[in-house]
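Enquirer: Data file target-v2.cif (mmCIF, C-alpha atoms and all ligand atoms) is appended below.
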```cif
data_query
#
loop_
_atom_site.label_atom_id
_atom_site.label_comp_id
_atom_site.auth_asym_id
_atom_site.auth_seq_id
_atom_site.Cartn_x
_atom_site.Cartn_y
_atom_site.Cartn_z
CA MET A 920 106.59 107.19 77.98
CA PRO A 921 105.20 105.64 81.19
CA ARG A 922 107.83 105.05 83.88
CA ILE A 923 108.14 101.61 85.50
CA ASN A 924 109.84 101.51 88.91
CA PRO A 925 110.30 97.96 90.27
CA SER A 926 110.03 97.67 94.05
CA ILE A 927 112.95 95.80 95.56
CA LEU A 928 110.69 94.83 98.47
CA ALA A 929 109.96 91.79 96.27
CA ALA A 930 113.66 91.12 95.54
CA ASP A 931 116.02 88.72 97.32
CA PHE A 932 117.53 90.93 100.02
CA VAL A 933 120.75 88.93 100.36
CA ASN A 934 121.46 89.09 96.62
CA MET A 935 120.51 92.71 96.07
CA GLN A 936 123.28 93.58 93.62
CA HIS A 937 122.35 90.59 91.46
CA GLU A 938 118.66 91.51 91.70
CA LEU A 939 119.45 95.06 90.52
CA GLY A 940 121.11 93.50 87.48
CA ARG A 941 117.85 91.76 86.52
CA ILE A 942 115.90 95.03 86.16
CA SER A 943 118.12 96.87 83.67
CA SER A 944 115.09 98.20 81.75
CA ALA A 945 113.67 99.97 84.82
CA ASP A 946 113.29 103.75 84.91
CA LEU A 947 113.99 104.04 88.65
CA VAL A 948 114.49 101.55 91.49
CA HIS A 949 111.70 101.84 94.08
CA VAL A 950 113.01 101.46 97.64
CA ASP A 951 110.41 100.91 100.38
CA VAL A 952 111.65 102.16 103.75
CA MET A 953 109.43 100.96 106.62
CA ASP A 954 109.94 101.65 110.32
CA ASN A 955 107.50 99.24 112.01
CA HIS A 956 105.71 102.32 113.37
CA PHE A 957 104.03 104.16 110.51
CA VAL A 958 103.40 100.71 109.02
CA PRO A 959 103.49 97.30 110.74
CA ASN A 960 106.57 96.10 108.87
CA LEU A 961 110.31 96.77 108.93
CA THR A 962 112.68 96.89 105.96
CA PHE A 963 115.87 98.93 105.72
CA GLY A 964 117.25 102.31 106.71
CA PRO A 965 119.77 104.87 105.51
CA GLN A 966 122.83 102.65 105.78
CA MET A 967 121.42 99.90 103.57
CA VAL A 968 119.87 102.38 101.13
CA GLY A 969 123.23 104.16 100.92
CA ARG A 970 124.91 100.94 99.81
CA ILE A 971 122.16 100.25 97.28
CA GLN A 972 122.68 103.79 95.97
CA ASP A 973 126.43 103.08 95.67
CA VAL A 974 125.99 99.96 93.53
CA SER A 975 122.79 100.65 91.57
CA PRO A 976 123.27 101.76 87.96
CA ILE A 977 119.67 103.04 88.06
CA PRO A 978 118.68 106.04 90.24
CA LEU A 979 116.61 105.45 93.37
CA ASP A 980 112.97 106.33 94.02
CA VAL A 981 112.78 106.18 97.83
CA HIS A 982 109.33 105.68 99.42
CA LEU A 983 109.41 106.49 103.13
CA MET A 984 106.70 104.73 105.13
CA ILE A 985 107.99 106.18 108.37
CA THR A 986 106.98 108.41 111.24
CA ASP A 987 108.80 111.75 111.56
CA PRO A 988 109.95 112.16 107.95
CA GLU A 989 111.19 115.66 108.91
CA ARG A 990 113.98 113.95 110.80
CA TRP A 991 114.91 111.23 108.30
CA ALA A 992 113.94 112.22 104.75
CA PRO A 993 116.76 114.78 104.15
CA GLY A 994 119.36 112.06 104.80
CA TYR A 995 118.07 110.07 101.82
CA ALA A 996 118.42 113.12 99.59
CA GLU A 997 121.95 113.64 100.96
CA LEU A 998 122.99 110.08 100.15
CA GLY A 999 122.04 110.74 96.55
CA ALA A 1000 118.51 109.40 96.07
CA TYR A 1001 117.01 110.79 92.85
CA SER A 1002 113.54 111.03 94.40
CA VAL A 1003 112.35 111.01 98.03
CA THR A 1004 108.64 110.52 98.79
CA PHE A 1005 107.23 110.87 102.31
CA HIS A 1006 103.68 110.29 103.55
CA ALA A 1007 101.26 113.20 103.96
CA GLU A 1008 99.81 111.48 107.03
CA ALA A 1009 103.20 111.46 108.76
CA SER A 1010 104.47 114.95 107.99
CA SER A 1011 103.94 118.00 110.18
CA ASP A 1012 104.84 120.46 107.38
CA PRO A 1013 104.85 118.81 103.92
CA VAL A 1014 105.66 122.00 102.01
CA ALA A 1015 108.69 122.83 104.16
CA LEU A 1016 109.96 119.27 103.88
CA ALA A 1017 109.49 119.18 100.10
CA ARG A 1018 111.42 122.45 99.78
CA ARG A 1019 114.22 121.05 101.88
CA LEU A 1020 114.41 117.91 99.71
CA ARG A 1021 114.54 120.01 96.55
CA ASP A 1022 117.26 122.22 98.07
CA LEU A 1023 119.26 119.05 98.64
CA GLY A 1024 118.91 118.13 94.96
CA ALA A 1025 116.25 115.43 95.12
CA ARG A 1026 112.82 115.30 93.56
CA ALA A 1027 110.23 115.67 96.31
CA GLY A 1028 107.21 113.37 96.48
CA ILE A 1029 104.16 113.20 98.72
CA ALA A 1030 102.29 109.93 99.26
CA LEU A 1031 98.61 109.46 100.11
CA LYS A 1032 97.25 106.33 101.79
CA PRO A 1033 94.05 104.92 100.22
CA GLY A 1034 91.86 106.71 102.78
CA THR A 1035 93.56 110.11 102.47
CA GLU A 1036 91.75 112.68 100.35
CA PRO A 1037 93.80 114.94 98.07
CA ASP A 1038 91.79 118.13 98.72
CA GLY A 1039 94.31 119.78 101.02
CA TYR A 1040 97.11 119.22 98.49
CA LEU A 1041 95.52 120.32 95.21
CA ASP A 1042 96.53 123.94 95.77
CA LEU A 1043 100.07 122.92 96.73
CA LEU A 1044 100.88 120.72 93.74
CA GLU A 1045 103.68 122.93 92.43
CA GLU A 1046 105.58 122.27 95.66
CA PHE A 1047 105.99 118.61 94.68
CA ASP A 1048 107.60 116.70 91.82
CA GLN A 1049 105.48 113.61 92.39
CA VAL A 1050 102.27 112.55 94.11
CA LEU A 1051 102.12 108.88 95.06
CA VAL A 1052 98.60 107.47 95.21
CA MET A 1053 98.79 104.26 97.24
CA THR A 1054 96.66 101.56 95.59
CA VAL A 1055 97.01 99.23 98.61
CA GLU A 1056 97.37 99.93 102.33
CA PRO A 1057 101.11 100.55 102.75
CA GLY A 1058 103.18 97.95 104.54
CA PHE A 1059 103.37 94.81 102.44
CA GLY A 1060 103.96 93.65 98.89
CA GLY A 1061 101.72 91.19 97.12
CA GLN A 1062 98.35 92.79 98.00
CA SER A 1063 95.43 93.39 95.65
CA PHE A 1064 94.99 96.67 93.79
CA MET A 1065 92.20 98.90 95.19
CA PRO A 1066 90.20 100.33 92.25
CA GLU A 1067 88.34 102.66 94.64
CA THR A 1068 91.47 104.86 94.68
CA MET A 1069 91.06 105.72 90.99
CA PRO A 1070 88.71 108.72 91.41
CA LYS A 1071 91.39 110.35 93.57
CA LEU A 1072 93.97 109.78 90.84
CA ARG A 1073 91.62 111.31 88.26
CA ARG A 1074 91.15 114.40 90.41
CA LEU A 1075 94.89 114.80 90.75
CA ARG A 1076 95.41 114.34 86.98
CA ASP A 1077 92.74 116.96 86.27
CA ALA A 1078 94.38 119.40 88.69
CA VAL A 1079 97.87 118.81 87.24
CA THR A 1080 96.56 119.28 83.70
CA ALA A 1081 94.49 122.36 84.57
CA ARG A 1082 97.55 124.06 86.03
CA GLY A 1083 99.91 122.93 83.28
CA LEU A 1084 102.25 121.32 85.84
CA ASP A 1085 104.77 118.54 85.32
CA VAL A 1086 104.03 116.62 88.52
CA TRP A 1087 104.43 112.86 88.13
CA LEU A 1088 101.48 110.79 89.35
CA GLN A 1089 102.68 107.49 90.73
CA VAL A 1090 100.69 104.41 91.76
CA ASP A 1091 102.04 101.74 94.09
CA GLY A 1092 100.54 98.40 95.12
CA GLY A 1093 99.01 95.50 93.23
CA ILE A 1094 100.19 96.71 89.81
CA THR A 1095 99.92 93.89 87.23
CA GLU A 1096 99.55 93.67 83.45
CA GLU A 1097 95.81 94.23 83.99
CA THR A 1098 95.63 96.85 86.75
CA ILE A 1099 98.32 99.00 85.13
CA VAL A 1100 95.87 99.75 82.32
CA THR A 1101 93.19 100.88 84.81
CA ALA A 1102 95.68 103.14 86.60
CA ALA A 1103 97.06 104.58 83.34
CA GLU A 1104 93.54 105.36 82.16
CA ALA A 1105 92.87 107.19 85.43
CA GLY A 1106 95.94 109.37 84.88
CA ALA A 1107 99.00 107.67 86.36
CA ASP A 1108 102.29 108.05 84.48
CA THR A 1109 104.65 106.32 86.95
CA PHE A 1110 104.11 102.75 88.13
CA VAL A 1111 105.64 100.81 90.99
CA ALA A 1112 105.58 97.04 90.60
CA GLY A 1113 107.11 94.59 93.06
CA SER A 1114 105.75 91.07 92.77
CA SER A 1115 104.80 91.29 89.11
CA VAL A 1116 108.39 92.19 88.17
CA PHE A 1117 110.49 90.08 90.52
CA ARG A 1118 108.30 86.97 90.27
CA ALA A 1119 108.62 86.98 86.49
CA ASP A 1120 111.15 84.65 84.84
CA HIS A 1121 112.60 87.63 82.99
CA PRO A 1122 112.09 90.79 85.07
CA ALA A 1123 113.56 93.15 82.46
CA ALA A 1124 111.16 91.82 79.81
CA GLN A 1125 108.27 92.07 82.27
CA ILE A 1126 109.12 95.75 82.84
CA ASP A 1127 108.99 96.34 79.07
CA LEU A 1128 105.64 94.54 78.90
CA LEU A 1129 104.19 96.64 81.74
CA ARG A 1130 105.41 99.83 80.03
CA GLU A 1131 103.79 98.71 76.78
CA ARG A 1132 100.50 97.95 78.56
CA ALA A 1133 100.50 101.38 80.23
CA SER A 1134 101.23 103.05 76.87
CA SER A 1135 98.29 101.26 75.27
CA ALA A 1136 95.84 102.87 77.72
CA HIS A 1137 93.94 105.99 76.74
C1 LIG B 1201 103.74 98.58 99.80
C2 LIG B 1201 104.94 99.14 99.05
C3 LIG B 1201 105.00 98.74 97.63
C4 LIG B 1201 105.11 97.25 97.40
C5 LIG B 1201 104.40 96.93 96.13
O1 LIG B 1201 103.64 99.20 101.02
O2 LIG B 1201 104.92 100.55 99.11
O3 LIG B 1201 106.02 99.44 96.95
O4 LIG B 1201 106.43 96.81 97.27
O5 LIG B 1201 104.42 95.55 95.94
P1 LIG B 1201 103.45 94.82 94.93
O6 LIG B 1201 103.75 95.34 93.56
O7 LIG B 1201 103.79 93.39 95.11
O8 LIG B 1201 102.04 95.16 95.36
ZN ZN B 1202 106.32 101.68 97.79
#
```
Give the structure from this file in structure tokens form.

Expert:
Amino acid sequence: MPRINPSILAADFVNMQHELGRISSADLVHVDVMDNHFVPNLTFGPQMVGRIQDVSPIPLDVHLMITDPERWAPGYAELGAYSVTFHAEASSDPVALARRLRDLGARAGIALKPGTEPDGYLDLLEEFDQVLVMTVEPGFGGQSFMPETMPKLRRLRDAVTARGLDVWLQVDGGITEETIVTAAEAGADTFVAGSSVFRADHPAAQIDLLRERASSAH
């Protein structure tokens, strides 16, 4: 079954607990941490994410768009995040960091910006539980899906299949009822959706619809 992880970047920040209650059909809650350095936007840090972790009935999928993930990522695993994904472009030693995250009990993910090629990571796939293929430039919600990232996703899917691995392939940015089909056909199994979920009248029903659309792809 495809996984749908709503991004709370599109939620009402001052009513977060209520917003979490509107996405009961989600697989994981996607939490975008931005430091105004790796990306030109600022969201929340460990203290806020720790409180979200305390009150969320659904486990957290933390996406770190930050410089120096070696310093900060382990803290998110320690506070109980189910999954912690850091950017390849920001990490000095992705394999060591992924091992540390796994040691701390989290799933370890590596994210690739649209312009980052996967070549250097194809031989390291077993070190990760998830590869996040960014389908927009990281930093903001509400942008348009970039179809030119799909060949990269296909290459990753082929590599995962060829090695018989269980690495989740996640897409993030501009996922709608239409683009989710394109991404599923290219090999994604895990979908982040911000605007399309939180702008819907019934977010939980929208999540089910997105999951259905992804399942219909082949
Ligand atoms: C962008 C974030 C995304 C964002 C997606 O940098 O990583 O998770 O919230 O938002 P939508 O679905 O609106 O493109
Ligand atoms: Zn994200």

Enquirer: Go through A:Trp1087, A:Phe957, A:Trp991, A:Phe963 and flag the residue nearest Ile1029 in chain A, using all atoms listed in the file for the distances.

Expert: A:Trp1087

Enquirer: Could you check how far atom O6 of ligand LIG 1201 (chain B) sits from CA of Arg1132 in chain A, in Å to one decimal?

Expert: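 Separation of atom O6 of ligand LIG 1201 (chain B) and CA of Arg1132 in chain A: 15.6 Å.
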
Enquirer: Using all atoms of ligand LIG 1201 (chain B) that appear in the file, construct an axis-aligned enclosing box with 6 Å of padding on every side and provide its centre coordinates and edge lengths in Å, rounded to one decimal, as JSON.

Expert:
```
{"center_x": 104.2, "center_y": 97.0, "center_z": 97.3, "size_x": 16.4, "size_y": 19.2, "size_z": 19.5}
```

Enquirer: Quick one: everything within 8 Å of range 1019-1028 of chain A, counting all atoms listed in the file, minus sequence neighbours fewer than 4 positions away in the same chain. Send it as a PyMOL selection string.

Expert: chain A and resi 992-993+996-997+999-1005+1015+1047-1051

Enquirer: Could you list the protein, DNA and RNA residues that have any atom within 9 Å of ligand ZN 1202 (chain B), counting all atoms listed in the file, and write them as a JSON list (two decimals) with C-alpha atoms, in the frame of the given file?

Expert:
```json
[["chain", "number", "residue", "atom", "x", "y", "z"],
["A", 926, "SER", "CA", 110.03, 97.67, 94.05],
["A", 928, "LEU", "CA", 110.69, 94.83, 98.47],
["A", 949, "HIS", "CA", 111.70, 101.84, 94.08],
["A", 950, "VAL", "CA", 113.01, 101.46, 97.64],
["A", 951, "ASP", "CA", 110.41, 100.91, 100.38],
["A", 952, "VAL", "CA", 111.65, 102.16, 103.75],
["A", 980, "ASP", "CA", 112.97, 106.33, 94.02],
["A", 981, "VAL", "CA", 112.78, 106.18, 97.83],
["A", 982, "HIS", "CA", 109.33, 105.68, 99.42],
["A", 983, "LEU", "CA", 109.41, 106.49, 103.13],
["A", 984, "MET", "CA", 106.70, 104.73, 105.13],
["A", 1051, "LEU", "CA", 102.12, 108.88, 95.06],
["A", 1053, "MET", "CA", 98.79, 104.26, 97.24],
["A", 1057, "PRO", "CA", 101.11, 100.55, 102.75],
["A", 1058, "GLY", "CA", 103.18, 97.95, 104.54],
["A", 1059, "PHE", "CA", 103.37, 94.81, 102.44],
["A", 1060, "GLY", "CA", 103.96, 93.65, 98.89],
["A", 1090, "VAL", "CA", 100.69, 104.41, 91.76],
["A", 1091, "ASP", "CA", 102.04, 101.74, 94.09],
["A", 1092, "GLY", "CA", 100.54, 98.40, 95.12],
["A", 1111, "VAL", "CA", 105.64, 100.81, 90.99],
["A", 1112, "ALA", "CA", 105.58, 97.04, 90.60],
["A", 1113, "GLY", "CA", 107.11, 94.59, 93.06]]
```

Enquirer: For atom C1 of ligand LIG 1201 (chain B) and CA of Gln1089 in chain A, quote the distance in Å rounded to one decimal.

Expert: 12.8 Å

Enquirer: Counting only C-alpha atoms, which residues of range 1010-1064 of chain A sit at most 9 Å from some atom of range 1074-1077 of chain A, and what is each one's closest atom pair with its distance in Å to one decimal, listed by chain and rising residue number, as JSON lines?

Expert:
```
{"residue": "A:Pro1037", "atom": "CA", "partner": "A:Leu1075", "partner_atom": "CA", "distance": 7.4}
{"residue": "A:Leu1041", "atom": "CA", "partner": "A:Leu1075", "partner_atom": "CA", "distance": 7.1}
{"residue": "A:Leu1044", "atom": "CA", "partner": "A:Leu1075", "partner_atom": "CA", "distance": 8.9}
{"residue": "A:Val1050", "atom": "CA", "partner": "A:Leu1075", "partner_atom": "CA", "distance": 8.4}
```

Enquirer: With N, CA, C and O atoms as the goal, would you fill in the gaps in range 972-985 of chain A and present it as a compact mmCIF listing (two decimals), in the frame of the given file?

Expert:
```
# COMPACT_ATOMS: atom_id res chain seq x y z
N GLN A 972 122.39 102.61 96.80
CA GLN A 972 122.68 103.79 95.97
C GLN A 972 124.09 103.67 95.36
O GLN A 972 124.29 103.96 94.18
N ASP A 973 125.05 103.21 96.15
CA ASP A 973 126.43 103.08 95.67
C ASP A 973 126.54 102.11 94.48
O ASP A 973 127.30 102.35 93.55
N VAL A 974 125.78 101.01 94.54
CA VAL A 974 125.99 99.96 93.53
C VAL A 974 124.94 99.97 92.41
O VAL A 974 125.13 99.30 91.40
N SER A 975 123.85 100.71 92.58
CA SER A 975 122.79 100.65 91.57
C SER A 975 123.11 101.53 90.36
O SER A 975 123.36 102.72 90.51
N PRO A 976 123.06 100.94 89.16
CA PRO A 976 123.27 101.76 87.96
C PRO A 976 122.04 102.62 87.64
O PRO A 976 122.12 103.53 86.82
N ILE A 977 120.92 102.33 88.31
CA ILE A 977 119.67 103.04 88.06
C ILE A 977 119.35 103.89 89.29
O ILE A 977 119.48 103.42 90.42
N PRO A 978 118.95 105.16 89.09
CA PRO A 978 118.68 106.04 90.24
C PRO A 978 117.55 105.53 91.13
O PRO A 978 116.67 104.79 90.69
N LEU A 979 117.56 105.98 92.37
CA LEU A 979 116.61 105.45 93.37
C LEU A 979 115.40 106.36 93.57
O LEU A 979 115.51 107.59 93.62
N ASP A 980 114.27 105.71 93.73
CA ASP A 980 112.97 106.33 94.02
C ASP A 980 112.60 105.83 95.42
O ASP A 980 112.06 104.74 95.57
N VAL A 981 112.93 106.63 96.44
CA VAL A 981 112.78 106.18 97.83
C VAL A 981 111.38 106.52 98.34
O VAL A 981 110.94 107.67 98.23
N HIS A 982 110.69 105.52 98.87
CA HIS A 982 109.33 105.68 99.42
C HIS A 982 109.41 105.46 100.92
O HIS A 982 109.60 104.33 101.39
N LEU A 983 109.25 106.53 101.67
CA LEU A 983 109.41 106.49 103.13
C LEU A 983 108.08 106.24 103.81
O LEU A 983 107.22 107.13 103.86
N MET A 984 107.90 105.03 104.34
CA MET A 984 106.70 104.73 105.13
C MET A 984 107.14 104.77 106.58
O MET A 984 107.27 103.74 107.26
N ILE A 985 107.40 105.98 107.04
CA ILE A 985 107.99 106.18 108.37
C ILE A 985 107.35 107.37 109.08
O ILE A 985 106.87 108.31 108.44
```
